[in-house]
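Enquirer: CSV, C-alpha atoms, saved as start-v9.csv, coming up:
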chain,number,residue,atom,x,y,z
A,1,MET,CA,42.3,-45.3,-41.5
A,2,ASN,CA,41.5,-44.1,-45.0
A,3,ARG,CA,43.5,-41.3,-46.8
A,4,SER,CA,40.8,-38.7,-46.4
A,5,ALA,CA,40.5,-39.2,-42.7
A,6,CYS,CA,44.2,-39.2,-42.3
A,7,LEU,CA,44.5,-35.9,-44.1
A,8,GLN,CA,41.8,-34.4,-41.8
A,9,GLU,CA,43.3,-35.7,-38.5
A,10,CYS,CA,46.9,-34.9,-39.4
A,11,ASN,CA,46.1,-31.5,-40.9
A,12,GLN,CA,48.0,-32.3,-44.0
A,13,VAL,CA,47.5,-30.9,-47.5
A,14,PRO,CA,47.1,-33.2,-50.4
A,15,VAL,CA,50.1,-33.2,-52.8
A,16,SER,CA,47.9,-31.9,-55.6
A,17,ASN,CA,47.1,-28.8,-53.5
A,18,GLN,CA,50.7,-28.4,-52.4
A,19,ASP,CA,51.7,-28.0,-56.1
A,20,ARG,CA,48.8,-25.6,-56.9
A,21,LEU,CA,49.7,-21.9,-57.3
A,22,PRO,CA,47.2,-19.4,-56.1
A,23,LEU,CA,47.0,-17.6,-59.4
A,24,PRO,CA,44.3,-15.0,-58.7
A,25,ALA,CA,46.2,-13.7,-55.7
A,26,LEU,CA,49.6,-13.8,-57.5
A,27,LEU,CA,48.2,-12.1,-60.5
A,28,ALA,CA,46.9,-9.3,-58.3
A,29,LEU,CA,50.4,-8.8,-57.0
A,30,ALA,CA,51.6,-8.8,-60.7
A,31,MET,CA,49.0,-6.1,-61.4
A,32,ALA,CA,50.3,-4.1,-58.5
A,33,ALA,CA,53.8,-4.3,-59.9
A,34,PHE,CA,52.5,-3.3,-63.3
A,35,ILE,CA,50.8,-0.2,-62.0
A,36,THR,CA,53.9,0.7,-59.9
A,37,ILE,CA,56.3,0.5,-62.9
A,38,LEU,CA,53.9,2.4,-65.1
A,39,THR,CA,53.5,5.2,-62.6
A,40,GLU,CA,57.2,5.4,-62.2
A,41,ALA,CA,58.3,5.5,-65.9
A,42,LEU,CA,55.3,7.1,-67.8
A,43,PRO,CA,56.4,10.7,-67.4
A,44,ALA,CA,59.4,9.9,-69.5
A,45,GLY,CA,57.2,8.9,-72.4
A,46,LEU,CA,54.9,11.9,-71.9
A,47,LEU,CA,57.7,14.4,-71.4
A,48,PRO,CA,56.8,17.0,-74.1
A,49,LEU,CA,53.1,16.9,-73.4
A,50,MET,CA,53.5,17.3,-69.6
A,51,ALA,CA,56.1,20.1,-70.1
A,52,GLN,CA,53.7,22.1,-72.3
A,53,SER,CA,50.7,21.5,-70.0
A,54,LEU,CA,52.5,22.4,-66.7
A,55,THR,CA,54.4,25.3,-68.4
A,56,VAL,CA,57.9,24.0,-67.4
A,57,SER,CA,60.9,22.7,-69.3
A,58,GLU,CA,61.2,19.1,-70.3
A,59,ALA,CA,64.2,18.8,-68.0
A,60,LEU,CA,62.0,19.7,-65.0
A,61,VAL,CA,59.4,17.2,-66.1
A,62,GLY,CA,62.2,14.6,-66.1
A,63,GLN,CA,62.7,15.3,-62.4
A,64,LEU,CA,59.3,13.8,-61.8
A,65,VAL,CA,61.0,10.4,-62.4
A,66,THR,CA,63.9,11.4,-60.2
A,67,ILE,CA,61.7,12.5,-57.2
A,68,TYR,CA,59.8,9.2,-57.5
A,69,ALA,CA,63.1,7.3,-57.1
A,70,ILE,CA,64.1,9.5,-54.1
A,71,GLY,CA,60.8,8.8,-52.4
A,72,SER,CA,61.3,5.1,-52.7
A,73,LEU,CA,64.9,5.3,-51.7
A,74,LEU,CA,64.1,7.3,-48.5
A,75,ALA,CA,60.9,5.4,-47.5
A,76,ALA,CA,61.5,1.7,-48.1
A,77,ILE,CA,63.7,0.8,-45.1
A,78,PRO,CA,62.1,3.0,-42.4
A,79,LEU,CA,58.5,2.3,-43.4
A,80,THR,CA,59.2,-1.5,-43.5
A,81,ALA,CA,60.9,-1.3,-40.1
A,82,VAL,CA,58.0,0.6,-38.5
A,83,THR,CA,55.3,-1.6,-40.0
A,84,GLN,CA,56.8,-5.0,-39.3
A,85,SER,CA,54.1,-5.8,-36.8
A,86,TRP,CA,51.2,-4.8,-39.1
A,87,ARG,CA,49.0,-7.4,-40.7
A,88,ARG,CA,50.1,-7.8,-44.3
A,89,ARG,CA,47.0,-7.3,-46.4
A,90,PRO,CA,45.9,-4.0,-44.8
A,91,LEU,CA,49.5,-2.8,-45.3
A,92,LEU,CA,49.4,-3.9,-49.0
A,93,LEU,CA,46.1,-2.2,-49.5
A,94,ILE,CA,47.4,1.1,-48.1
A,95,ALA,CA,50.4,0.9,-50.5
A,96,ILE,CA,48.1,0.2,-53.5
A,97,SER,CA,45.5,2.8,-52.5
A,98,GLY,CA,48.2,5.4,-52.4
A,99,PHE,CA,48.7,5.0,-56.1
A,100,ALA,CA,45.0,5.7,-56.7
A,101,VAL,CA,45.4,9.0,-54.8
A,102,VAL,CA,48.7,10.2,-56.3
A,103,ASN,CA,47.8,9.4,-59.9
A,104,ALA,CA,44.4,11.1,-59.5
A,105,VAL,CA,46.2,14.2,-58.1
A,106,THR,CA,48.7,14.1,-61.0
A,107,ALA,CA,45.8,13.8,-63.5
A,108,VAL,CA,44.1,17.0,-62.2
A,109,SER,CA,47.0,19.1,-61.1
A,110,ASP,CA,47.9,22.3,-63.0
A,111,SER,CA,50.8,23.0,-60.6
A,112,TYR,CA,54.2,21.6,-61.2
A,113,THR,CA,55.0,21.9,-57.4
A,114,ILE,CA,51.8,19.9,-56.5
A,115,THR,CA,52.7,17.3,-59.2
A,116,LEU,CA,56.2,17.0,-57.8
A,117,VAL,CA,54.9,16.4,-54.3
A,118,ALA,CA,52.5,13.8,-55.6
A,119,ARG,CA,55.3,12.0,-57.4
A,120,PHE,CA,57.4,12.0,-54.2
A,121,PHE,CA,54.6,10.2,-52.3
A,122,ALA,CA,54.1,7.9,-55.3
A,123,GLY,CA,57.7,6.8,-54.7
A,124,VAL,CA,57.0,6.4,-51.0
A,125,PHE,CA,54.1,4.0,-51.7
A,126,ALA,CA,56.3,2.2,-54.2
A,127,GLY,CA,59.1,1.7,-51.7
A,128,LEU,CA,56.6,0.1,-49.3
A,129,LEU,CA,55.0,-2.0,-52.0
A,130,TRP,CA,58.2,-3.4,-53.4
A,131,ALA,CA,59.3,-4.4,-49.9
A,132,LEU,CA,56.1,-6.4,-49.6
A,133,VAL,CA,55.6,-8.1,-52.9
A,134,ALA,CA,58.3,-10.9,-53.0
A,135,GLY,CA,57.8,-11.9,-49.3
A,136,TYR,CA,54.0,-11.9,-49.8
A,137,ALA,CA,54.2,-14.1,-52.8
A,138,GLY,CA,56.6,-16.5,-51.0
A,139,ARG,CA,54.2,-16.8,-48.0
A,140,MET,CA,51.3,-18.0,-50.2
A,141,VAL,CA,53.1,-21.2,-51.3
A,142,PRO,CA,55.2,-24.0,-50.0
A,143,GLU,CA,59.0,-23.7,-50.1
A,144,HIS,CA,59.5,-25.6,-53.3
A,145,LEU,CA,57.2,-23.1,-55.2
A,146,LYS,CA,58.5,-19.8,-53.8
A,147,GLY,CA,60.6,-18.9,-56.8
A,148,ARG,CA,57.8,-19.6,-59.3
A,149,ALA,CA,55.3,-17.6,-57.2
A,150,ILE,CA,57.7,-14.6,-57.0
A,151,ALA,CA,58.2,-14.9,-60.8
A,152,ILE,CA,54.5,-14.6,-61.4
A,153,ALA,CA,54.2,-11.7,-59.0
A,154,MET,CA,57.1,-9.9,-60.7
A,155,ALA,CA,55.7,-10.5,-64.2
A,156,GLY,CA,54.0,-7.1,-64.1
A,157,THR,CA,57.4,-5.4,-64.4
A,158,PRO,CA,58.5,-6.6,-67.9
A,159,ILE,CA,54.9,-6.3,-69.1
A,160,ALA,CA,54.8,-2.7,-68.0
A,161,LEU,CA,58.1,-2.0,-69.6
A,162,SER,CA,57.3,-3.7,-72.9
A,163,LEU,CA,53.6,-3.0,-73.4
A,164,GLY,CA,52.3,-0.7,-70.7
A,165,ILE,CA,54.6,2.3,-71.2
A,166,PRO,CA,54.2,2.3,-75.1
A,167,ALA,CA,50.4,1.9,-74.7
A,168,GLY,CA,50.3,4.7,-72.0
A,169,THR,CA,52.4,7.0,-74.3
A,170,PHE,CA,50.1,6.3,-77.2
A,171,LEU,CA,47.0,7.0,-75.1
A,172,GLY,CA,48.6,10.2,-73.8
A,173,ALA,CA,49.3,11.4,-77.3
A,174,ALA,CA,45.8,10.5,-78.5
A,175,TRP,CA,43.6,11.6,-75.5
A,176,GLY,CA,46.0,13.7,-73.4
A,177,TRP,CA,48.4,12.7,-70.6
A,178,ARG,CA,45.9,13.5,-67.9
A,179,VAL,CA,43.6,10.8,-69.2
A,180,THR,CA,46.4,8.2,-68.9
A,181,PHE,CA,47.0,9.0,-65.3
A,182,GLY,CA,43.3,9.0,-64.6
A,183,LEU,CA,43.0,5.5,-66.1
A,184,MET,CA,45.8,4.3,-63.9
A,185,SER,CA,43.9,5.6,-60.9
A,186,ILE,CA,40.8,3.7,-62.0
A,187,LEU,CA,42.8,0.5,-62.5
A,188,THR,CA,44.2,0.9,-59.0
A,189,VAL,CA,40.7,1.1,-57.5
A,190,ILE,CA,39.8,-2.1,-59.3
A,191,LEU,CA,42.9,-3.7,-58.0
A,192,VAL,CA,42.0,-2.7,-54.4
A,193,VAL,CA,38.8,-4.7,-54.8
A,194,TRP,CA,40.7,-7.6,-56.4
A,195,VAL,CA,43.2,-7.8,-53.5
A,196,THR,CA,40.5,-7.6,-50.9
A,197,ALA,CA,38.6,-10.5,-52.5
A,198,LYS,CA,41.5,-12.8,-53.5
A,199,VAL,CA,44.7,-12.1,-51.6
A,200,PRO,CA,45.0,-13.8,-48.2
A,201,ASP,CA,46.0,-12.0,-45.1
A,202,PHE,CA,49.1,-12.8,-43.0
A,203,PRO,CA,50.2,-11.6,-39.6
A,204,GLY,CA,53.2,-9.3,-39.2
A,205,GLN,CA,56.0,-9.9,-36.8
A,206,ALA,CA,54.8,-10.0,-33.1
A,207,ARG,CA,55.7,-6.8,-31.3
A,208,GLY,CA,59.2,-7.0,-29.9
A,209,LYS,CA,60.0,-9.8,-32.4
A,210,GLY,CA,60.9,-7.6,-35.3
A,211,VAL,CA,64.3,-8.1,-36.8
A,212,ALA,CA,66.8,-5.3,-36.6
A,213,LEU,CA,68.2,-3.9,-39.9
A,214,ARG,CA,71.8,-4.5,-38.8
A,215,THR,CA,71.0,-8.1,-37.9
A,216,VAL,CA,69.5,-8.8,-41.4
A,217,PHE,CA,72.4,-7.0,-43.2
A,218,THR,CA,75.0,-9.2,-41.5
A,219,LEU,CA,73.2,-12.5,-42.2
A,220,PRO,CA,75.4,-14.8,-44.4
A,221,GLY,CA,74.6,-14.2,-48.1
A,222,ILE,CA,72.7,-10.9,-47.8
A,223,ARG,CA,75.6,-8.6,-48.7
A,224,PRO,CA,76.7,-10.6,-51.8
A,225,ILE,CA,73.1,-10.6,-53.1
A,226,LEU,CA,72.8,-6.8,-52.5
A,227,PHE,CA,76.2,-6.1,-54.2
A,228,VAL,CA,75.3,-8.2,-57.2
A,229,THR,CA,72.0,-6.5,-57.5
A,230,LEU,CA,73.6,-3.1,-57.2
A,231,VAL,CA,76.2,-3.6,-60.0
A,232,TYR,CA,73.9,-5.5,-62.3
A,233,VAL,CA,71.1,-2.9,-62.1
A,234,LEU,CA,73.6,-0.1,-62.4
A,235,ALA,CA,75.0,-1.6,-65.5
A,236,HIS,CA,71.5,-2.0,-67.0
A,237,ASN,CA,70.5,1.6,-66.2
A,238,ILE,CA,73.7,3.2,-67.6
A,239,LEU,CA,72.8,1.6,-71.0
A,240,TYR,CA,68.9,1.8,-70.8
A,241,THR,CA,68.8,5.4,-69.6
A,242,TYR,CA,71.0,6.6,-72.5
A,243,ILE,CA,69.9,4.2,-75.1
A,244,ALA,CA,68.7,7.1,-77.4
A,245,PRO,CA,72.2,8.7,-77.7
A,246,PHE,CA,73.8,5.3,-77.9
A,247,LEU,CA,71.7,4.6,-81.1
A,248,VAL,CA,72.7,7.8,-82.8
A,249,PRO,CA,76.1,6.7,-84.2
A,250,VAL,CA,74.4,3.5,-85.5
A,251,GLY,CA,71.9,5.5,-87.5
A,252,ILE,CA,68.8,3.9,-85.9
A,253,ALA,CA,67.9,6.6,-83.3
A,254,ASP,CA,64.6,7.1,-85.1
A,255,ARG,CA,63.8,3.4,-84.4
A,256,ILE,CA,64.1,3.6,-80.6
A,257,ASP,CA,60.6,2.3,-80.3
A,258,LEU,CA,61.4,-0.9,-82.2
A,259,VAL,CA,64.7,-1.3,-80.2
A,260,LEU,CA,62.7,-1.1,-76.9
A,261,LEU,CA,60.0,-3.4,-78.2
A,262,VAL,CA,62.7,-6.0,-79.0
A,263,PHE,CA,64.1,-5.6,-75.5
A,264,GLY,CA,60.6,-5.9,-73.9
A,265,VAL,CA,59.5,-9.0,-75.8
A,266,ALA,CA,62.8,-10.7,-75.0
A,267,ALA,CA,62.4,-9.7,-71.3
A,268,LEU,CA,59.0,-11.4,-71.3
A,269,LEU,CA,60.6,-14.6,-72.6
A,270,GLY,CA,63.3,-14.2,-69.9
A,271,ILE,CA,60.9,-14.0,-67.0
A,272,TRP,CA,59.0,-17.0,-68.4
A,273,ILE,CA,62.2,-19.1,-68.5
A,274,VAL,CA,63.1,-18.0,-65.0
A,275,GLY,CA,59.7,-18.8,-63.7
A,276,VAL,CA,59.9,-22.4,-65.0
A,277,LEU,CA,63.4,-23.1,-63.7
A,278,ILE,CA,64.1,-20.9,-60.7
A,279,ASP,CA,63.1,-23.3,-57.9
A,280,ARG,CA,65.6,-25.8,-59.2
A,281,ARG,CA,68.4,-23.7,-60.8
A,282,LEU,CA,68.6,-20.4,-59.0
A,283,ARG,CA,72.4,-20.1,-59.0
A,284,GLU,CA,72.8,-21.3,-62.5
A,285,LEU,CA,70.2,-18.8,-63.8
A,286,VAL,CA,71.9,-15.9,-62.0
A,287,LEU,CA,75.2,-16.9,-63.7
A,288,ILE,CA,73.6,-17.4,-67.1
A,289,SER,CA,71.7,-14.1,-66.9
A,290,THR,CA,74.9,-12.1,-65.9
A,291,THR,CA,76.9,-13.9,-68.6
A,292,LEU,CA,74.4,-13.2,-71.3
A,293,PHE,CA,74.2,-9.5,-70.4
A,294,ALA,CA,78.0,-9.4,-70.4
A,295,LEU,CA,78.1,-11.0,-73.9
A,296,ALA,CA,75.6,-8.5,-75.1
A,297,ALA,CA,77.7,-5.6,-73.8
A,298,LEU,CA,80.8,-7.1,-75.4
A,299,ALA,CA,79.0,-7.4,-78.8
A,300,LEU,CA,77.9,-3.8,-78.5
A,301,GLY,CA,81.4,-2.8,-77.8
A,302,LEU,CA,82.9,-4.7,-80.7
A,303,VAL,CA,80.2,-4.4,-83.4
A,304,GLY,CA,77.9,-1.8,-82.0
A,305,ASN,CA,78.0,0.2,-85.2
A,306,VAL,CA,76.1,-2.5,-87.1
A,307,PRO,CA,72.3,-2.2,-86.8
A,308,ALA,CA,71.6,-6.0,-87.0
A,309,ALA,CA,74.2,-6.6,-84.2
A,310,VAL,CA,72.6,-3.9,-82.1
A,311,TYR,CA,69.1,-5.5,-82.4
A,312,ALA,CA,70.5,-9.0,-81.6
A,313,SER,CA,72.5,-7.7,-78.6
A,314,VAL,CA,69.4,-5.8,-77.3
A,315,ALA,CA,67.4,-9.0,-77.6
A,316,VAL,CA,70.0,-11.0,-75.6
A,317,TRP,CA,70.2,-8.1,-73.0
A,318,GLY,CA,66.4,-8.2,-72.6
A,319,LEU,CA,66.4,-12.0,-72.3
A,320,ALA,CA,69.0,-11.7,-69.5
A,321,PHE,CA,67.4,-8.8,-67.7
A,322,GLY,CA,63.8,-10.0,-67.8
A,323,GLY,CA,64.0,-12.4,-64.9
A,324,SER,CA,66.8,-10.6,-63.0
A,325,ALA,CA,64.5,-8.9,-60.4
A,326,THR,CA,62.8,-12.3,-59.7
A,327,LEU,CA,66.2,-14.0,-59.3
A,328,PHE,CA,67.6,-11.4,-56.9
A,329,GLN,CA,64.4,-11.2,-54.9
A,330,THR,CA,64.0,-14.9,-54.6
A,331,ALA,CA,67.7,-15.4,-53.6
A,332,LEU,CA,67.1,-12.7,-50.9
A,333,ALA,CA,63.8,-14.2,-49.7
A,334,LYS,CA,65.4,-17.7,-49.3
A,335,THR,CA,68.4,-16.2,-47.5
A,336,ALA,CA,66.5,-13.9,-45.2
A,337,GLY,CA,63.8,-16.3,-44.2
A,338,GLU,CA,61.5,-14.7,-41.6
A,339,ALA,CA,63.2,-11.4,-42.1
A,340,THR,CA,62.3,-11.2,-45.8
A,341,ASP,CA,60.3,-7.9,-45.7
A,342,VAL,CA,63.2,-6.1,-44.0
A,343,ALA,CA,65.7,-7.6,-46.5
A,344,GLN,CA,63.4,-6.7,-49.4
A,345,SER,CA,63.4,-3.1,-48.2
A,346,MET,CA,67.2,-3.1,-48.5
A,347,MET,CA,66.7,-4.5,-52.1
A,348,VAL,CA,64.4,-1.6,-52.9
A,349,THR,CA,66.9,0.9,-51.6
A,350,VAL,CA,69.8,-0.7,-53.5
A,351,TRP,CA,67.7,-0.9,-56.7
A,352,ASN,CA,66.8,2.8,-56.5
A,353,ILE,CA,70.4,3.8,-55.8
A,354,ALA,CA,71.4,1.9,-59.0
A,355,ILE,CA,68.6,3.6,-61.0
A,356,ALA,CA,69.8,7.1,-59.8
A,357,GLY,CA,73.5,6.0,-60.2
A,358,GLY,CA,72.8,4.8,-63.8
A,359,GLY,CA,71.6,8.3,-64.7
A,360,ILE,CA,74.5,10.0,-63.0
A,361,VAL,CA,77.3,7.7,-64.1
A,362,GLY,CA,75.9,7.4,-67.6
A,363,GLY,CA,75.7,11.2,-67.8
A,364,ILE,CA,79.3,11.7,-66.7
A,365,LEU,CA,80.5,9.1,-69.2
A,366,LEU,CA,78.5,10.7,-72.0
A,367,GLU,CA,79.8,14.2,-71.2
A,368,THR,CA,83.4,13.1,-70.5
A,369,PHE,CA,84.0,10.5,-73.2
A,370,SER,CA,81.3,9.3,-75.6
A,371,VAL,CA,78.7,6.5,-75.9
A,372,SER,CA,81.4,4.2,-77.1
A,373,VAL,CA,82.6,3.6,-73.5
A,374,PHE,CA,79.1,2.5,-72.3
A,375,PRO,CA,79.5,-1.2,-73.3
A,376,TRP,CA,82.9,-1.5,-71.7
A,377,SER,CA,81.8,0.2,-68.5
A,378,VAL,CA,78.8,-2.2,-68.4
A,379,LEU,CA,81.0,-5.1,-69.0
A,380,ALA,CA,83.3,-4.2,-66.1
A,381,LEU,CA,80.4,-4.0,-63.7
A,382,LEU,CA,79.0,-7.4,-64.9
A,383,VAL,CA,82.4,-9.1,-64.5
A,384,ALA,CA,82.4,-7.9,-60.8
A,385,ALA,CA,78.9,-9.4,-60.5
A,386,LEU,CA,80.0,-12.7,-61.9
A,387,VAL,CA,83.0,-12.9,-59.5
A,388,VAL,CA,80.9,-12.2,-56.4
A,389,THR,CA,78.2,-14.7,-57.6
A,390,GLY,CA,80.9,-17.3,-58.1
A,391,VAL,CA,82.3,-16.8,-54.6
A,392,ALA,CA,78.8,-16.8,-52.9
A,393,ARG,CA,78.4,-20.6,-53.5
A,394,SER,CA,77.5,-21.4,-49.9
A,395,HIS,CA,75.4,-18.4,-49.0
A,396,GLY,CA,73.5,-16.0,-51.2
A,397,PHE,CA,73.6,-18.0,-54.4
A,398,PRO,CA,74.0,-21.6,-53.2
A,399,SER,CA,74.5,-24.5,-55.6
A,400,SER,CA,71.4,-26.5,-56.4
A,401,ARG,CA,70.9,-29.6,-54.2
What does the file become when written as structure tokens?
Expert:
Amino acid sequence: MNRSACLQECNQVPVSNQDRLPLPALLALAMAAFITILTEALPAGLLPLMAQSLTVSEALVGQLVTIYAIGSLLAAIPLTAVTQSWRRRPLLLIAISGFAVVNAVTAVSDSYTITLVARFFAGVFAGLLWALVAGYAGRMVPEHLKGRAIAIAMAGTPIALSLGIPAGTFLGAAWGWRVTFGLMSILTVILVVWVTAKVPDFPGQARGKGVALRTVFTLPGIRPILFVTLVYVLAHNILYTYIAPFLVPVGIADRIDLVLLVFGVAALLGIWIVGVLIDRRLRELVLISTTLFALAALALGLVGNVPAAVYASVAVWGLAFGGSATLFQTALAKTAGEATDVAQSMMVTVWNIAIAGGGIVGGILLETFSVSVFPWSVLALLVAALVVTGVARSHGFPSSR
């Protein structure tokens, strides 16, 4: 029997096809992540413009970011549980289409209350989408390519942070903030067509076969991954949320755009490195990422009054953080197996708790002490993450085989 006939009869896939990533489909997921992050964070860059247009204070406009996180926090787990039996592509299209609606409403609304409601539902759609992306990417490829596929799907996050938000802020200043949200809505409509054409469909869990939340939470390795994610992202958000006041004593607060650009470019490099190595060196990459972030925090604590040291530390921090979401989501997907979507909904919840917690904890530290304690608080959290990662050698962050 020749090779071609054997492949047909045995229903096998040639090795070349097994190692081929479905790039159009994965890039569609990356675009979804890009739009999600941009929708979440853009009000921060357009704060004065939106405040003037909606005739409210900048502090109230800032709550448009908070309400988005609350929507994600409240929706991710229950929506994922309810939709376990739904086919995946229609569910993905619902989540993506939601962004077209809420961004269009935001673009035309003259009412702060209506805008606030739209932002809450944007967070709801985000909670559903983030619970889907990693598991969706993993199902498109064989086991040995899961990490790389998730890395590509998550690439939209650092691109949005490093390029999308500065570009959106520039467009908002030049043409008006409403134009920016309108353009995002148009991009989302294009993405709906892209997903329909290129992203494969998958079945959900059979009715009655869904996995209970408690069952997933008690799987070996799940809790260590969620804990490490919580403290790592909390550490990041304490520093990232209050980066502007942190730069004041150094004398480079007026160069915050350059500081964030350095962070963003380094983050892009970080996610590329993770994408290349993650399927072979997941545990090592988590340890390296956490250690690099800890060293950056230590440097900021010791020589954070030297501008050159701040730029270098921010670059190392960005390099460490860039691939972190991919690392944690891949570890969770590999640990949860068939229950990936439920596990990822927990990840979304933990991530948004850390975002909100970063703002709260950072604000308390700023008011009670000063920005000088930020690096040491971050360092303490990262040491805890290193300890738990080190212990979770058998489950959660297993050693490479």
Enquirer: Under the rule that all atoms listed in the file are counted, which of A:Val65, A:Arg20, A:Gln84, A:Arg280 is the nearest residue to A:Met140?
Expert: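 When distances to A:Met140 are compared using all atoms listed in the file, the smallest one comes from A:Arg20.
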Enquirer: Which residues, written as a list in words, have at least one atom at most 12 Å from A:Val216, with only C-alpha atoms counted and residues fewer than 5 positions away on the same chain left out?
Expert: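 Within the cut-off, the hits are Ile77, Ala81, Gly210, Val211, Gly221, Ile222, Arg223, Leu226, Leu332, Ala333, Thr335, Ala336, Gly337, Glu338, Ala339, Thr340, Asp341, Val342, Ala343, Gln344, Ser345, Met346 and Met347 of chain A.
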Enquirer: Could those residues be written to a file, using C-alpha atoms, as a tab-separated table (two decimals), in the coordinates of the input?
Expert:
chain	number	residue	atom	x	y	z
A	77	ILE	CA	63.70	0.80	-45.10
A	81	ALA	CA	60.90	-1.30	-40.10
A	210	GLY	CA	60.90	-7.60	-35.30
A	211	VAL	CA	64.30	-8.10	-36.80
A	221	GLY	CA	74.60	-14.20	-48.10
A	222	ILE	CA	72.70	-10.90	-47.80
A	223	ARG	CA	75.60	-8.60	-48.70
A	226	LEU	CA	72.80	-6.80	-52.50
A	332	LEU	CA	67.10	-12.70	-50.90
A	333	ALA	CA	63.80	-14.20	-49.70
A	335	THR	CA	68.40	-16.20	-47.50
A	336	ALA	CA	66.50	-13.90	-45.20
A	337	GLY	CA	63.80	-16.30	-44.20
A	338	GLU	CA	61.50	-14.70	-41.60
A	339	ALA	CA	63.20	-11.40	-42.10
A	340	THR	CA	62.30	-11.20	-45.80
A	341	ASP	CA	60.30	-7.90	-45.70
A	342	VAL	CA	63.20	-6.10	-44.00
A	343	ALA	CA	65.70	-7.60	-46.50
A	344	GLN	CA	63.40	-6.70	-49.40
A	345	SER	CA	63.40	-3.10	-48.20
A	346	MET	CA	67.20	-3.10	-48.50
A	347	MET	CA	66.70	-4.50	-52.10
Enquirer: Compile the contact shell of stretch 43-60 of chain A as a PyMOL selection string: residues with an atom at most 12 Å away, counting all atoms listed in the file, same-chain residues fewer than 6 positions apart removed.
Expert: chain A and resi 37+66-68+103+106-116+119+161+164-181+241+256-257
Enquirer: One decimal, in Å: what's the spacing between atom CA of A:Arg148 and atom CA of A:Asp279?
Expert: 6.6 Å
Enquirer: Here is a test: counting only C-alpha atoms, which residue of A:Val61, A:Ala197, A:Leu23, A:Val303 is nearest to A:Val141?
Expert: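 Of the candidates, the smallest distance to A:Val141 is held by A:Leu23.
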Enquirer: Counting only C-alpha atoms, which residues of stretch 68-165 of chain A sit at most 12 Å from some atom of stretch 309-331 of chain A, and what is each one's closest atom pair with its distance in Å to one decimal, listed by chain and rising residue number, as CSV?
Expert:
residue,atom,partner,partner_atom,distance
A:Trp130,CA,A:Gln329,CA,10.1
A:Ala131,CA,A:Gln329,CA,9.9
A:Leu132,CA,A:Gln329,CA,11.0
A:Val133,CA,A:Gln329,CA,9.5
A:Ala134,CA,A:Gln329,CA,6.4
A:Gly135,CA,A:Gln329,CA,8.7
A:Tyr136,CA,A:Thr330,CA,11.5
A:Ala137,CA,A:Thr330,CA,10.0
A:Gly138,CA,A:Thr330,CA,8.4
A:Arg139,CA,A:Thr330,CA,12.0
A:Glu143,CA,A:Thr330,CA,11.1
A:His144,CA,A:Thr330,CA,11.7
A:Leu145,CA,A:Thr330,CA,10.7
A:Lys146,CA,A:Thr330,CA,7.4
A:Gly147,CA,A:Thr330,CA,5.7
A:Arg148,CA,A:Thr326,CA,8.9
A:Ala149,CA,A:Thr330,CA,9.5
A:Ile150,CA,A:Thr326,CA,6.2
A:Ala151,CA,A:Thr326,CA,5.4
A:Ile152,CA,A:Thr326,CA,8.8
A:Ala153,CA,A:Thr326,CA,8.6
A:Met154,CA,A:Thr326,CA,6.3
A:Ala155,CA,A:Gly323,CA,8.5
A:Gly156,CA,A:Gly322,CA,10.9
A:Thr157,CA,A:Gly322,CA,8.6
A:Pro158,CA,A:Gly322,CA,6.3
A:Ile159,CA,A:Gly322,CA,9.7
A:Ala160,CA,A:Gly322,CA,11.6
A:Leu161,CA,A:Gly322,CA,10.0
A:Ser162,CA,A:Gly318,CA,10.2
Enquirer: Go ahead and save the picked residues with C-alpha atoms, as a compact mmCIF listing (two decimals), in the frame of the given file.
Expert:
# COMPACT_ATOMS: atom_id res chain seq x y z
CA TRP A 130 58.20 -3.40 -53.40
CA ALA A 131 59.30 -4.40 -49.90
CA LEU A 132 56.10 -6.40 -49.60
CA VAL A 133 55.60 -8.10 -52.90
CA ALA A 134 58.30 -10.90 -53.00
CA GLY A 135 57.80 -11.90 -49.30
CA TYR A 136 54.00 -11.90 -49.80
CA ALA A 137 54.20 -14.10 -52.80
CA GLY A 138 56.60 -16.50 -51.00
CA ARG A 139 54.20 -16.80 -48.00
CA GLU A 143 59.00 -23.70 -50.10
CA HIS A 144 59.50 -25.60 -53.30
CA LEU A 145 57.20 -23.10 -55.20
CA LYS A 146 58.50 -19.80 -53.80
CA GLY A 147 60.60 -18.90 -56.80
CA ARG A 148 57.80 -19.60 -59.30
CA ALA A 149 55.30 -17.60 -57.20
CA ILE A 150 57.70 -14.60 -57.00
CA ALA A 151 58.20 -14.90 -60.80
CA ILE A 152 54.50 -14.60 -61.40
CA ALA A 153 54.20 -11.70 -59.00
CA MET A 154 57.10 -9.90 -60.70
CA ALA A 155 55.70 -10.50 -64.20
CA GLY A 156 54.00 -7.10 -64.10
CA THR A 157 57.40 -5.40 -64.40
CA PRO A 158 58.50 -6.60 -67.90
CA ILE A 159 54.90 -6.30 -69.10
CA ALA A 160 54.80 -2.70 -68.00
CA LEU A 161 58.10 -2.00 -69.60
CA SER A 162 57.30 -3.70 -72.90
Enquirer: For a quick check of understanding, using only C-alpha atoms, which of A:Ile271, A:Ala297, A:Val388, A:Leu219 has the smallest distance to A:Tyr240?
Expert: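 Smallest separation from A:Tyr240 among the options: A:Ala297.
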Enquirer: Work out how far atom CA of A:Ala384 is from atom CA of A:Leu260, in Å to one decimal.
Expert: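 Result for atom CA of A:Leu260 versus atom CA of A:Ala384: 26.3 Å, one decimal.
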Enquirer: Go through A:Ile355, A:Phe263, A:Val231, A:Ala33 one by one, measure the shortest atom-to-atom distance of each to A:Ala296 using only C-alpha atoms, and give the residue with the smallest value.
Expert: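 Nearest to A:Ala296: A:Phe263.
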